[in-house]
Amino acid sequence: MSEAGQQSHRWLQHRGVVQQLLEELDPGRLDYKPWPDAYSLGALVVHIATSSDMFLRSITKGAFTPPALGSSYETIDDLKELVKQSTESGTAVFAELSDKHLEQPLDFNGFIAPGKVWLSNMIDHEIHHKGQLFTYARSVGARKLPFFIVQPSKE
């Protein structure tokens with residue numbers, strides 16, 4: 001499996017958990033913030049979805065590229081749809097990534113590194129915020145939370 005294919009698989013193991021977490025959230029608590037300047041629960045989900053879109057599009061273009069996904073939402077169903085769109089789009093972009101994309105230098109806020117560094121950073125960024133999402137979910141009363149990655153089948 002290619003490096004991009006391996007990273008895609010790793011990302012999807014984590015992204016699948018974000019999708020599972022959304023099923024456990026109280027739809028009436030999307031405005032929850034653990035402190036005044038924090039992302040709201042809903043805004044955190046939007047940040048996760050749009051950041052991966054931004055990273056992947058930037059790596060394929062070789063230059064910083066804003067996310068193509070919208071960031072507005074009103075309901076939990078809007079958030080689920082945004083994450084679904086982000087996952088589908090991300091999976092398609094991963095399929096296009098070549099060794100050239102992964103080796104190509106990319107400037108993010110003055111830090112220059114090959115695409116593969118930013119790809120790893122994207123996944124780590126999502127893992128970081130997914131951990132926050134677990135904490136938010138518990139704080140608003142979720143009791144049944146998924147494992148931190150989607151597990152392979154038992155058979």
# chains A, B, ... in the order shown; residues from 1 in each chain; ligands from 1

$ select_by_dssp --residues "segment 2-151 of chain A" --states "strand (DSSP E or B)" --output "PyMOL selection string"
chain A and resi 105-108+111-114

$ residues_around --residues "segment 30-47 of chain A" --least-positions-apart "5" --cutoff "8 Å" --atoms "only C-alpha atoms" --output "JSON, numbers by chain"
{"A": [71, 73, 75, 76, 79, 82, 83, 129, 133, 136, 140]}

$ select_by_dssp --residues "segment 30-83 of chain A" --states "alpha helix (DSSP H)" --output "PDB file with all heavy atoms, in the first residue's frame"
ATOM      1  N   LEU A  41     -19.249  23.292  20.929  1.00  0.00           N
ATOM      2  CA  LEU A  41     -19.238  21.898  20.492  1.00  0.00           C
ATOM      3  C   LEU A  41     -19.443  21.834  18.973  1.00  0.00           C
ATOM      4  O   LEU A  41     -18.691  21.160  18.268  1.00  0.00           O
ATOM      5  CB  LEU A  41     -20.324  21.120  21.234  1.00  0.00           C
ATOM      6  CG  LEU A  41     -20.282  19.612  21.109  1.00  0.00           C
ATOM      7  CD1 LEU A  41     -20.946  18.976  22.331  1.00  0.00           C
ATOM      8  CD2 LEU A  41     -20.952  19.135  19.863  1.00  0.00           C
ATOM      9  N   GLY A  42     -20.444  22.534  18.476  1.00  0.00           N
ATOM     10  CA  GLY A  42     -20.701  22.533  17.035  1.00  0.00           C
ATOM     11  C   GLY A  42     -19.552  23.114  16.232  1.00  0.00           C
ATOM     12  O   GLY A  42     -19.171  22.571  15.189  1.00  0.00           O
ATOM     13  N   ALA A  43     -18.978  24.206  16.702  1.00  0.00           N
ATOM     14  CA  ALA A  43     -17.860  24.836  15.992  1.00  0.00           C
ATOM     15  C   ALA A  43     -16.626  23.936  15.993  1.00  0.00           C
ATOM     16  O   ALA A  43     -15.843  23.950  15.038  1.00  0.00           O
ATOM     17  CB  ALA A  43     -17.536  26.191  16.613  1.00  0.00           C
ATOM     18  N   LEU A  44     -16.442  23.150  17.040  1.00  0.00           N
ATOM     19  CA  LEU A  44     -15.323  22.207  17.089  1.00  0.00           C
ATOM     20  C   LEU A  44     -15.484  21.155  15.993  1.00  0.00           C
ATOM     21  O   LEU A  44     -14.516  20.814  15.301  1.00  0.00           O
ATOM     22  CB  LEU A  44     -15.237  21.553  18.468  1.00  0.00           C
ATOM     23  CG  LEU A  44     -14.115  20.538  18.668  1.00  0.00           C
ATOM     24  CD1 LEU A  44     -12.746  21.178  18.460  1.00  0.00           C
ATOM     25  CD2 LEU A  44     -14.210  19.930  20.077  1.00  0.00           C
ATOM     26  N   VAL A  45     -16.690  20.655  15.808  1.00  0.00           N
ATOM     27  CA  VAL A  45     -16.937  19.681  14.747  1.00  0.00           C
ATOM     28  C   VAL A  45     -16.652  20.312  13.384  1.00  0.00           C
ATOM     29  O   VAL A  45     -15.996  19.700  12.530  1.00  0.00           O
ATOM     30  CB  VAL A  45     -18.374  19.136  14.821  1.00  0.00           C
ATOM     31  CG1 VAL A  45     -18.700  18.257  13.610  1.00  0.00           C
ATOM     32  CG2 VAL A  45     -18.591  18.368  16.126  1.00  0.00           C
ATOM     33  N   VAL A  46     -17.107  21.544  13.184  1.00  0.00           N
ATOM     34  CA  VAL A  46     -16.847  22.245  11.922  1.00  0.00           C
ATOM     35  C   VAL A  46     -15.341  22.403  11.718  1.00  0.00           C
ATOM     36  O   VAL A  46     -14.820  22.171  10.619  1.00  0.00           O
ATOM     37  CB  VAL A  46     -17.538  23.629  11.902  1.00  0.00           C
ATOM     38  CG1 VAL A  46     -17.050  24.473  10.737  1.00  0.00           C
ATOM     39  CG2 VAL A  46     -19.051  23.467  11.861  1.00  0.00           C
ATOM     40  N   HIS A  47     -14.613  22.764  12.767  1.00  0.00           N
ATOM     41  CA  HIS A  47     -13.164  22.940  12.670  1.00  0.00           C
ATOM     42  C   HIS A  47     -12.474  21.640  12.253  1.00  0.00           C
ATOM     43  O   HIS A  47     -11.584  21.650  11.402  1.00  0.00           O
ATOM     44  CB  HIS A  47     -12.606  23.457  14.006  1.00  0.00           C
ATOM     45  CG  HIS A  47     -11.135  23.658  13.994  1.00  0.00           C
ATOM     46  ND1 HIS A  47     -10.519  24.648  13.263  1.00  0.00           N
ATOM     47  CD2 HIS A  47     -10.149  22.981  14.631  1.00  0.00           C
ATOM     48  CE1 HIS A  47      -9.215  24.578  13.444  1.00  0.00           C
ATOM     49  NE2 HIS A  47      -8.965  23.572  14.270  1.00  0.00           N
ATOM     50  N   ILE A  48     -12.892  20.539  12.831  1.00  0.00           N
ATOM     51  CA  ILE A  48     -12.311  19.245  12.465  1.00  0.00           C
ATOM     52  C   ILE A  48     -12.535  18.970  10.977  1.00  0.00           C
ATOM     53  O   ILE A  48     -11.597  18.631  10.246  1.00  0.00           O
ATOM     54  CB  ILE A  48     -12.912  18.111  13.335  1.00  0.00           C
ATOM     55  CG1 ILE A  48     -12.429  18.237  14.786  1.00  0.00           C
ATOM     56  CG2 ILE A  48     -12.556  16.739  12.762  1.00  0.00           C
ATOM     57  CD1 ILE A  48     -13.167  17.333  15.770  1.00  0.00           C
ATOM     58  N   ALA A  49     -13.764  19.125  10.525  1.00  0.00           N
ATOM     59  CA  ALA A  49     -14.111  18.811   9.136  1.00  0.00           C
ATOM     60  C   ALA A  49     -13.427  19.742   8.136  1.00  0.00           C
ATOM     61  O   ALA A  49     -12.888  19.287   7.125  1.00  0.00           O
ATOM     62  CB  ALA A  49     -15.623  18.861   8.950  1.00  0.00           C
ATOM     63  N   THR A  50     -13.452  21.028   8.406  1.00  0.00           N
ATOM     64  CA  THR A  50     -12.905  21.975   7.430  1.00  0.00           C
ATOM     65  C   THR A  50     -11.378  22.004   7.447  1.00  0.00           C
ATOM     66  O   THR A  50     -10.761  22.258   6.410  1.00  0.00           O
ATOM     67  CB  THR A  50     -13.467  23.398   7.656  1.00  0.00           C
ATOM     68  OG1 THR A  50     -13.156  23.839   8.978  1.00  0.00           O
ATOM     69  CG2 THR A  50     -14.968  23.431   7.427  1.00  0.00           C
ATOM     70  N   SER A  51     -10.770  21.715   8.585  1.00  0.00           N
ATOM     71  CA  SER A  51      -9.304  21.713   8.634  1.00  0.00           C
ATOM     72  C   SER A  51      -8.717  20.594   7.789  1.00  0.00           C
ATOM     73  O   SER A  51      -7.742  20.796   7.059  1.00  0.00           O
ATOM     74  CB  SER A  51      -8.812  21.586  10.076  1.00  0.00           C
ATOM     75  OG  SER A  51      -9.131  22.734  10.811  1.00  0.00           O
ATOM     76  N   SER A  52      -9.301  19.407   7.870  1.00  0.00           N
ATOM     77  CA  SER A  52      -8.773  18.309   7.056  1.00  0.00           C
ATOM     78  C   SER A  52      -8.945  18.641   5.576  1.00  0.00           C
ATOM     79  O   SER A  52      -8.052  18.364   4.764  1.00  0.00           O
ATOM     80  CB  SER A  52      -9.430  16.980   7.409  1.00  0.00           C
ATOM     81  OG  SER A  52     -10.804  17.006   7.154  1.00  0.00           O
ATOM     82  N   ASP A  53     -10.056  19.250   5.222  1.00  0.00           N
ATOM     83  CA  ASP A  53     -10.283  19.663   3.839  1.00  0.00           C
ATOM     84  C   ASP A  53      -9.207  20.660   3.395  1.00  0.00           C
ATOM     85  O   ASP A  53      -8.640  20.533   2.310  1.00  0.00           O
ATOM     86  CB  ASP A  53     -11.685  20.273   3.719  1.00  0.00           C
ATOM     87  CG  ASP A  53     -12.063  20.582   2.293  1.00  0.00           C
ATOM     88  OD1 ASP A  53     -12.172  19.632   1.485  1.00  0.00           O
ATOM     89  OD2 ASP A  53     -12.253  21.769   1.975  1.00  0.00           O
ATOM     90  N   MET A  54      -8.898  21.617   4.260  1.00  0.00           N
ATOM     91  CA  MET A  54      -7.879  22.622   3.948  1.00  0.00           C
ATOM     92  C   MET A  54      -6.508  21.975   3.774  1.00  0.00           C
ATOM     93  O   MET A  54      -5.795  22.240   2.803  1.00  0.00           O
ATOM     94  CB  MET A  54      -7.847  23.678   5.054  1.00  0.00           C
ATOM     95  CG  MET A  54      -6.834  24.790   4.875  1.00  0.00           C
ATOM     96  SD  MET A  54      -5.228  24.574   5.681  1.00  0.00           S
ATOM     97  CE  MET A  54      -5.610  24.051   7.312  1.00  0.00           C
ATOM     98  N   PHE A  55      -6.118  21.117   4.703  1.00  0.00           N
ATOM     99  CA  PHE A  55      -4.809  20.458   4.613  1.00  0.00           C
ATOM    100  C   PHE A  55      -4.700  19.650   3.318  1.00  0.00           C
ATOM    101  O   PHE A  55      -3.708  19.779   2.583  1.00  0.00           O
ATOM    102  CB  PHE A  55      -4.593  19.509   5.798  1.00  0.00           C
ATOM    103  CG  PHE A  55      -3.990  20.141   7.018  1.00  0.00           C
ATOM    104  CD1 PHE A  55      -4.762  20.348   8.151  1.00  0.00           C
ATOM    105  CD2 PHE A  55      -2.655  20.497   7.053  1.00  0.00           C
ATOM    106  CE1 PHE A  55      -4.214  20.908   9.293  1.00  0.00           C
ATOM    107  CE2 PHE A  55      -2.087  21.052   8.191  1.00  0.00           C
ATOM    108  CZ  PHE A  55      -2.864  21.260   9.309  1.00  0.00           C
ATOM    109  N   LEU A  56      -5.681  18.810   3.051  1.00  0.00           N
ATOM    110  CA  LEU A  56      -5.598  17.944   1.871  1.00  0.00           C
ATOM    111  C   LEU A  56      -5.573  18.745   0.575  1.00  0.00           C
ATOM    112  O   LEU A  56      -4.778  18.455  -0.326  1.00  0.00           O
ATOM    113  CB  LEU A  56      -6.762  16.948   1.871  1.00  0.00           C
ATOM    114  CG  LEU A  56      -6.617  15.810   2.879  1.00  0.00           C
ATOM    115  CD1 LEU A  56      -7.935  15.072   3.055  1.00  0.00           C
ATOM    116  CD2 LEU A  56      -5.516  14.854   2.452  1.00  0.00           C
ATOM    117  N   ARG A  57      -6.413  19.759   0.461  1.00  0.00           N
ATOM    118  CA  ARG A  57      -6.426  20.576  -0.759  1.00  0.00           C
ATOM    119  C   ARG A  57      -5.110  21.335  -0.923  1.00  0.00           C
ATOM    120  O   ARG A  57      -4.608  21.478  -2.032  1.00  0.00           O
ATOM    121  CB  ARG A  57      -7.612  21.531  -0.750  1.00  0.00           C
ATOM    122  CG  ARG A  57      -8.922  20.806  -0.913  1.00  0.00           C
ATOM    123  CD  ARG A  57     -10.135  21.720  -0.929  1.00  0.00           C
ATOM    124  NE  ARG A  57     -11.344  20.929  -0.940  1.00  0.00           N
ATOM    125  CZ  ARG A  57     -11.798  20.248  -1.978  1.00  0.00           C
ATOM    126  NH1 ARG A  57     -11.134  20.274  -3.117  1.00  0.00           N
ATOM    127  NH2 ARG A  57     -12.898  19.539  -1.903  1.00  0.00           N
ATOM    128  N   SER A  58      -4.556  21.791   0.171  1.00  0.00           N
ATOM    129  CA  SER A  58      -3.274  22.510   0.112  1.00  0.00           C
ATOM    130  C   SER A  58      -2.150  21.590  -0.354  1.00  0.00           C
ATOM    131  O   SER A  58      -1.305  21.986  -1.163  1.00  0.00           O
ATOM    132  CB  SER A  58      -2.941  23.101   1.488  1.00  0.00           C
ATOM    133  OG  SER A  58      -3.904  24.067   1.862  1.00  0.00           O
ATOM    134  N   ILE A  59      -2.136  20.375   0.155  1.00  0.00           N
ATOM    135  CA  ILE A  59      -1.092  19.422  -0.235  1.00  0.00           C
ATOM    136  C   ILE A  59      -1.192  19.097  -1.723  1.00  0.00           C
ATOM    137  O   ILE A  59      -0.174  19.062  -2.417  1.00  0.00           O
ATOM    138  CB  ILE A  59      -1.180  18.146   0.633  1.00  0.00           C
ATOM    139  CG1 ILE A  59      -0.802  18.474   2.086  1.00  0.00           C
ATOM    140  CG2 ILE A  59      -0.281  17.038   0.073  1.00  0.00           C
ATOM    141  CD1 ILE A  59      -1.194  17.409   3.100  1.00  0.00           C
ATOM    142  N   THR A  60      -2.389  18.920  -2.236  1.00  0.00           N
ATOM    143  CA  THR A  60      -2.525  18.583  -3.659  1.00  0.00           C
ATOM    144  C   THR A  60      -2.188  19.774  -4.557  1.00  0.00           C
ATOM    145  O   THR A  60      -1.667  19.586  -5.646  1.00  0.00           O
ATOM    146  CB  THR A  60      -3.936  18.066  -4.011  1.00  0.00           C
ATOM    147  OG1 THR A  60      -4.894  19.061  -3.692  1.00  0.00           O
ATOM    148  CG2 THR A  60      -4.239  16.770  -3.306  1.00  0.00           C
ATOM    149  N   LYS A  61      -2.455  20.979  -4.097  1.00  0.00           N
ATOM    150  CA  LYS A  61      -2.186  22.166  -4.919  1.00  0.00           C
ATOM    151  C   LYS A  61      -0.775  22.717  -4.724  1.00  0.00           C
ATOM    152  O   LYS A  61      -0.319  23.537  -5.508  1.00  0.00           O
ATOM    153  CB  LYS A  61      -3.218  23.255  -4.635  1.00  0.00           C
ATOM    154  CG  LYS A  61      -4.600  22.853  -5.090  1.00  0.00           C
ATOM    155  CD  LYS A  61      -5.588  23.979  -4.941  1.00  0.00           C
ATOM    156  CE  LYS A  61      -6.964  23.455  -5.243  1.00  0.00           C
ATOM    157  NZ  LYS A  61      -7.550  23.992  -6.405  1.00  0.00           N
ATOM    158  N   ILE A  76     -27.684  19.217  14.527  1.00  0.00           N
ATOM    159  CA  ILE A  76     -26.758  18.093  14.544  1.00  0.00           C
ATOM    160  C   ILE A  76     -26.731  17.415  13.177  1.00  0.00           C
ATOM    161  O   ILE A  76     -25.680  16.958  12.718  1.00  0.00           O
ATOM    162  CB  ILE A  76     -27.097  17.089  15.682  1.00  0.00           C
ATOM    163  CG1 ILE A  76     -25.973  16.063  15.868  1.00  0.00           C
ATOM    164  CG2 ILE A  76     -28.406  16.385  15.410  1.00  0.00           C
ATOM    165  CD1 ILE A  76     -24.747  16.592  16.524  1.00  0.00           C
ATOM    166  N   ASP A  77     -27.876  17.387  12.488  1.00  0.00           N
ATOM    167  CA  ASP A  77     -27.903  16.793  11.151  1.00  0.00           C
ATOM    168  C   ASP A  77     -27.048  17.580  10.164  1.00  0.00           C
ATOM    169  O   ASP A  77     -26.415  16.995   9.284  1.00  0.00           O
ATOM    170  CB  ASP A  77     -29.342  16.668  10.635  1.00  0.00           C
ATOM    171  CG  ASP A  77     -30.116  15.577  11.364  1.00  0.00           C
ATOM    172  OD1 ASP A  77     -29.481  14.634  11.896  1.00  0.00           O
ATOM    173  OD2 ASP A  77     -31.358  15.668  11.413  1.00  0.00           O
ATOM    174  N   ASP A  78     -27.011  18.902  10.312  1.00  0.00           N
ATOM    175  CA  ASP A  78     -26.121  19.722   9.480  1.00  0.00           C
ATOM    176  C   ASP A  78     -24.667  19.341   9.723  1.00  0.00           C
ATOM    177  O   ASP A  78     -23.869  19.241   8.787  1.00  0.00           O
ATOM    178  CB  ASP A  78     -26.298  21.211   9.787  1.00  0.00           C
ATOM    179  CG  ASP A  78     -27.657  21.766   9.416  1.00  0.00           C
ATOM    180  OD1 ASP A  78     -28.357  21.162   8.589  1.00  0.00           O
ATOM    181  OD2 ASP A  78     -28.014  22.826   9.985  1.00  0.00           O
ATOM    182  N   LEU A  79     -24.311  19.130  10.994  1.00  0.00           N
ATOM    183  CA  LEU A  79     -22.935  18.749  11.326  1.00  0.00           C
ATOM    184  C   LEU A  79     -22.603  17.366  10.786  1.00  0.00           C
ATOM    185  O   LEU A  79     -21.511  17.148  10.249  1.00  0.00           O
ATOM    186  CB  LEU A  79     -22.709  18.802  12.835  1.00  0.00           C
ATOM    187  CG  LEU A  79     -22.731  20.199  13.449  1.00  0.00           C
ATOM    188  CD1 LEU A  79     -22.705  20.103  14.969  1.00  0.00           C
ATOM    189  CD2 LEU A  79     -21.568  21.038  12.935  1.00  0.00           C
ATOM    190  N   LYS A  80     -23.527  16.439  10.916  1.00  0.00           N
ATOM    191  CA  LYS A  80     -23.311  15.091  10.380  1.00  0.00           C
ATOM    192  C   LYS A  80     -23.085  15.146   8.875  1.00  0.00           C
ATOM    193  O   LYS A  80     -22.211  14.455   8.340  1.00  0.00           O
ATOM    194  CB  LYS A  80     -24.499  14.185  10.700  1.00  0.00           C
ATOM    195  CG  LYS A  80     -24.601  13.807  12.158  1.00  0.00           C
ATOM    196  CD  LYS A  80     -25.869  12.995  12.410  1.00  0.00           C
ATOM    197  CE  LYS A  80     -26.061  12.695  13.874  1.00  0.00           C
ATOM    198  NZ  LYS A  80     -27.321  11.964  14.129  1.00  0.00           N
ATOM    199  N   GLU A  81     -23.876  15.966   8.191  1.00  0.00           N
ATOM    200  CA  GLU A  81     -23.731  16.095   6.738  1.00  0.00           C
ATOM    201  C   GLU A  81     -22.384  16.733   6.381  1.00  0.00           C
ATOM    202  O   GLU A  81     -21.722  16.298   5.430  1.00  0.00           O
ATOM    203  CB  GLU A  81     -24.889  16.905   6.156  1.00  0.00           C
ATOM    204  CG  GLU A  81     -24.848  17.054   4.651  1.00  0.00           C
ATOM    205  CD  GLU A  81     -24.903  15.738   3.880  1.00  0.00           C
ATOM    206  OE1 GLU A  81     -25.464  14.739   4.373  1.00  0.00           O
ATOM    207  OE2 GLU A  81     -24.362  15.717   2.745  1.00  0.00           O
ATOM    208  N   LEU A  82     -21.973  17.729   7.114  1.00  0.00           N
ATOM    209  CA  LEU A  82     -20.677  18.371   6.868  1.00  0.00           C
ATOM    210  C   LEU A  82     -19.542  17.366   7.039  1.00  0.00           C
ATOM    211  O   LEU A  82     -18.634  17.290   6.200  1.00  0.00           O
ATOM    212  CB  LEU A  82     -20.478  19.565   7.809  1.00  0.00           C
ATOM    213  CG  LEU A  82     -19.111  20.242   7.730  1.00  0.00           C
ATOM    214  CD1 LEU A  82     -18.883  20.860   6.357  1.00  0.00           C
ATOM    215  CD2 LEU A  82     -18.986  21.294   8.821  1.00  0.00           C
ATOM    216  N   VAL A  83     -19.571  16.589   8.110  1.00  0.00           N
ATOM    217  CA  VAL A  83     -18.521  15.592   8.338  1.00  0.00           C
ATOM    218  C   VAL A  83     -18.569  14.513   7.257  1.00  0.00           C
ATOM    219  O   VAL A  83     -17.527  14.072   6.770  1.00  0.00           O
ATOM    220  CB  VAL A  83     -18.620  14.996   9.761  1.00  0.00           C
ATOM    221  CG1 VAL A  83     -17.672  13.820   9.936  1.00  0.00           C
ATOM    222  CG2 VAL A  83     -18.328  16.074  10.804  1.00  0.00           C
TER     223      VAL A  83
END

$ residues_around --residues "Thr91 of chain A" --least-positions-apart "4" --cutoff "8 Å" --atoms "only C-alpha atoms" --output "list in words"
Ser8, Thr87 and Ala95 of chain A

$ closest_atom_pairs --of "segment 46-132 of chain A" --to "segment 13-18 of chain A" --cutoff "8 Å" --atoms "only C-alpha atoms" --output "JSON lines"
{"residue": "A:Thr87", "atom": "CA", "partner": "A:Arg15", "partner_atom": "CA", "distance": 7.3}
{"residue": "A:Glu126", "atom": "CA", "partner": "A:His14", "partner_atom": "CA", "distance": 7.9}
{"residue": "A:Ile127", "atom": "CA", "partner": "A:His14", "partner_atom": "CA", "distance": 6.9}
{"residue": "A:Lys130", "atom": "CA", "partner": "A:Val18", "partner_atom": "CA", "distance": 6.5}

$ residues_around --residues "Ile123 of chain A" --least-positions-apart "5" --cutoff "9 Å" --atoms "only C-alpha atoms" --output "PyMOL selection string"
chain A and resi 7+10-11+14+52+118+128

$ atom_distance --atom1 "atom CA of Asp99 of chain A" --atom2 "atom CA of Gln151 of chain A"
27.8 Å

$ closest_residue --among "A:Glu74, A:Asp124, A:Glu24, A:Glu3" --to "His101 of chain A" --atoms "only C-alpha atoms"
A:Glu3

$ closest_residue --among "A:Lys116, A:Pro146, A:Gly141, A:Leu12" --to "Gly28 of chain A" --atoms "only C-alpha atoms"
A:Gly141

$ decode --residues "segment 42-64 of chain A" --atoms "N, CA, C and O atoms" --output "PDB file, in the first residue's frame"
ATOM      1  N   GLY A  42     -20.444  22.534  18.476  1.00  0.00           N
ATOM      2  CA  GLY A  42     -20.701  22.533  17.035  1.00  0.00           C
ATOM      3  C   GLY A  42     -19.552  23.114  16.232  1.00  0.00           C
ATOM      4  O   GLY A  42     -19.171  22.571  15.189  1.00  0.00           O
ATOM      5  N   ALA A  43     -18.978  24.206  16.702  1.00  0.00           N
ATOM      6  CA  ALA A  43     -17.860  24.836  15.992  1.00  0.00           C
ATOM      7  C   ALA A  43     -16.626  23.936  15.993  1.00  0.00           C
ATOM      8  O   ALA A  43     -15.843  23.950  15.038  1.00  0.00           O
ATOM      9  N   LEU A  44     -16.442  23.150  17.040  1.00  0.00           N
ATOM     10  CA  LEU A  44     -15.323  22.207  17.089  1.00  0.00           C
ATOM     11  C   LEU A  44     -15.484  21.155  15.993  1.00  0.00           C
ATOM     12  O   LEU A  44     -14.516  20.814  15.301  1.00  0.00           O
ATOM     13  N   VAL A  45     -16.690  20.655  15.808  1.00  0.00           N
ATOM     14  CA  VAL A  45     -16.937  19.681  14.747  1.00  0.00           C
ATOM     15  C   VAL A  45     -16.652  20.312  13.384  1.00  0.00           C
ATOM     16  O   VAL A  45     -15.996  19.700  12.530  1.00  0.00           O
ATOM     17  N   VAL A  46     -17.107  21.544  13.184  1.00  0.00           N
ATOM     18  CA  VAL A  46     -16.847  22.245  11.922  1.00  0.00           C
ATOM     19  C   VAL A  46     -15.341  22.403  11.718  1.00  0.00           C
ATOM     20  O   VAL A  46     -14.820  22.171  10.619  1.00  0.00           O
ATOM     21  N   HIS A  47     -14.613  22.764  12.767  1.00  0.00           N
ATOM     22  CA  HIS A  47     -13.164  22.940  12.670  1.00  0.00           C
ATOM     23  C   HIS A  47     -12.474  21.640  12.253  1.00  0.00           C
ATOM     24  O   HIS A  47     -11.584  21.650  11.402  1.00  0.00           O
ATOM     25  N   ILE A  48     -12.892  20.539  12.831  1.00  0.00           N
ATOM     26  CA  ILE A  48     -12.311  19.245  12.465  1.00  0.00           C
ATOM     27  C   ILE A  48     -12.535  18.970  10.977  1.00  0.00           C
ATOM     28  O   ILE A  48     -11.597  18.631  10.246  1.00  0.00           O
ATOM     29  N   ALA A  49     -13.764  19.125  10.525  1.00  0.00           N
ATOM     30  CA  ALA A  49     -14.111  18.811   9.136  1.00  0.00           C
ATOM     31  C   ALA A  49     -13.427  19.742   8.136  1.00  0.00           C
ATOM     32  O   ALA A  49     -12.888  19.287   7.125  1.00  0.00           O
ATOM     33  N   THR A  50     -13.452  21.028   8.406  1.00  0.00           N
ATOM     34  CA  THR A  50     -12.905  21.975   7.430  1.00  0.00           C
ATOM     35  C   THR A  50     -11.378  22.004   7.447  1.00  0.00           C
ATOM     36  O   THR A  50     -10.761  22.258   6.410  1.00  0.00           O
ATOM     37  N   SER A  51     -10.770  21.715   8.585  1.00  0.00           N
ATOM     38  CA  SER A  51      -9.304  21.713   8.634  1.00  0.00           C
ATOM     39  C   SER A  51      -8.717  20.594   7.789  1.00  0.00           C
ATOM     40  O   SER A  51      -7.742  20.796   7.059  1.00  0.00           O
ATOM     41  N   SER A  52      -9.301  19.407   7.870  1.00  0.00           N
ATOM     42  CA  SER A  52      -8.773  18.309   7.056  1.00  0.00           C
ATOM     43  C   SER A  52      -8.945  18.641   5.576  1.00  0.00           C
ATOM     44  O   SER A  52      -8.052  18.364   4.764  1.00  0.00           O
ATOM     45  N   ASP A  53     -10.056  19.250   5.222  1.00  0.00           N
ATOM     46  CA  ASP A  53     -10.283  19.663   3.839  1.00  0.00           C
ATOM     47  C   ASP A  53      -9.207  20.660   3.395  1.00  0.00           C
ATOM     48  O   ASP A  53      -8.640  20.533   2.310  1.00  0.00           O
ATOM     49  N   MET A  54      -8.898  21.617   4.260  1.00  0.00           N
ATOM     50  CA  MET A  54      -7.879  22.622   3.948  1.00  0.00           C
ATOM     51  C   MET A  54      -6.508  21.975   3.774  1.00  0.00           C
ATOM     52  O   MET A  54      -5.795  22.240   2.803  1.00  0.00           O
ATOM     53  N   PHE A  55      -6.118  21.117   4.703  1.00  0.00           N
ATOM     54  CA  PHE A  55      -4.809  20.458   4.613  1.00  0.00           C
ATOM     55  C   PHE A  55      -4.700  19.650   3.318  1.00  0.00           C
ATOM     56  O   PHE A  55      -3.708  19.779   2.583  1.00  0.00           O
ATOM     57  N   LEU A  56      -5.681  18.810   3.051  1.00  0.00           N
ATOM     58  CA  LEU A  56      -5.598  17.944   1.871  1.00  0.00           C
ATOM     59  C   LEU A  56      -5.573  18.745   0.575  1.00  0.00           C
ATOM     60  O   LEU A  56      -4.778  18.455  -0.326  1.00  0.00           O
ATOM     61  N   ARG A  57      -6.413  19.759   0.461  1.00  0.00           N
ATOM     62  CA  ARG A  57      -6.426  20.576  -0.759  1.00  0.00           C
ATOM     63  C   ARG A  57      -5.110  21.335  -0.923  1.00  0.00           C
ATOM     64  O   ARG A  57      -4.608  21.478  -2.032  1.00  0.00           O
ATOM     65  N   SER A  58      -4.556  21.791   0.171  1.00  0.00           N
ATOM     66  CA  SER A  58      -3.274  22.510   0.112  1.00  0.00           C
ATOM     67  C   SER A  58      -2.150  21.590  -0.354  1.00  0.00           C
ATOM     68  O   SER A  58      -1.305  21.986  -1.163  1.00  0.00           O
ATOM     69  N   ILE A  59      -2.136  20.375   0.155  1.00  0.00           N
ATOM     70  CA  ILE A  59      -1.092  19.422  -0.235  1.00  0.00           C
ATOM     71  C   ILE A  59      -1.192  19.097  -1.723  1.00  0.00           C
ATOM     72  O   ILE A  59      -0.174  19.062  -2.417  1.00  0.00           O
ATOM     73  N   THR A  60      -2.389  18.920  -2.236  1.00  0.00           N
ATOM     74  CA  THR A  60      -2.525  18.583  -3.659  1.00  0.00           C
ATOM     75  C   THR A  60      -2.188  19.774  -4.557  1.00  0.00           C
ATOM     76  O   THR A  60      -1.667  19.586  -5.646  1.00  0.00           O
ATOM     77  N   LYS A  61      -2.455  20.979  -4.097  1.00  0.00           N
ATOM     78  CA  LYS A  61      -2.186  22.166  -4.919  1.00  0.00           C
ATOM     79  C   LYS A  61      -0.775  22.717  -4.724  1.00  0.00           C
ATOM     80  O   LYS A  61      -0.319  23.537  -5.508  1.00  0.00           O
ATOM     81  N   GLY A  62      -0.110  22.324  -3.632  1.00  0.00           N
ATOM     82  CA  GLY A  62       1.240  22.816  -3.374  1.00  0.00           C
ATOM     83  C   GLY A  62       1.272  24.212  -2.797  1.00  0.00           C
ATOM     84  O   GLY A  62       2.317  24.844  -2.734  1.00  0.00           O
ATOM     85  N   ALA A  63       0.133  24.721  -2.378  1.00  0.00           N
ATOM     86  CA  ALA A  63       0.028  26.055  -1.784  1.00  0.00           C
ATOM     87  C   ALA A  63      -1.177  26.078  -0.859  1.00  0.00           C
ATOM     88  O   ALA A  63      -2.146  25.335  -1.069  1.00  0.00           O
ATOM     89  N   PHE A  64      -1.110  26.944   0.144  1.00  0.00           N
ATOM     90  CA  PHE A  64      -2.218  27.052   1.083  1.00  0.00           C
ATOM     91  C   PHE A  64      -3.515  27.278   0.318  1.00  0.00           C
ATOM     92  O   PHE A  64      -3.599  28.139  -0.559  1.00  0.00           O
TER      93      PHE A  64
END
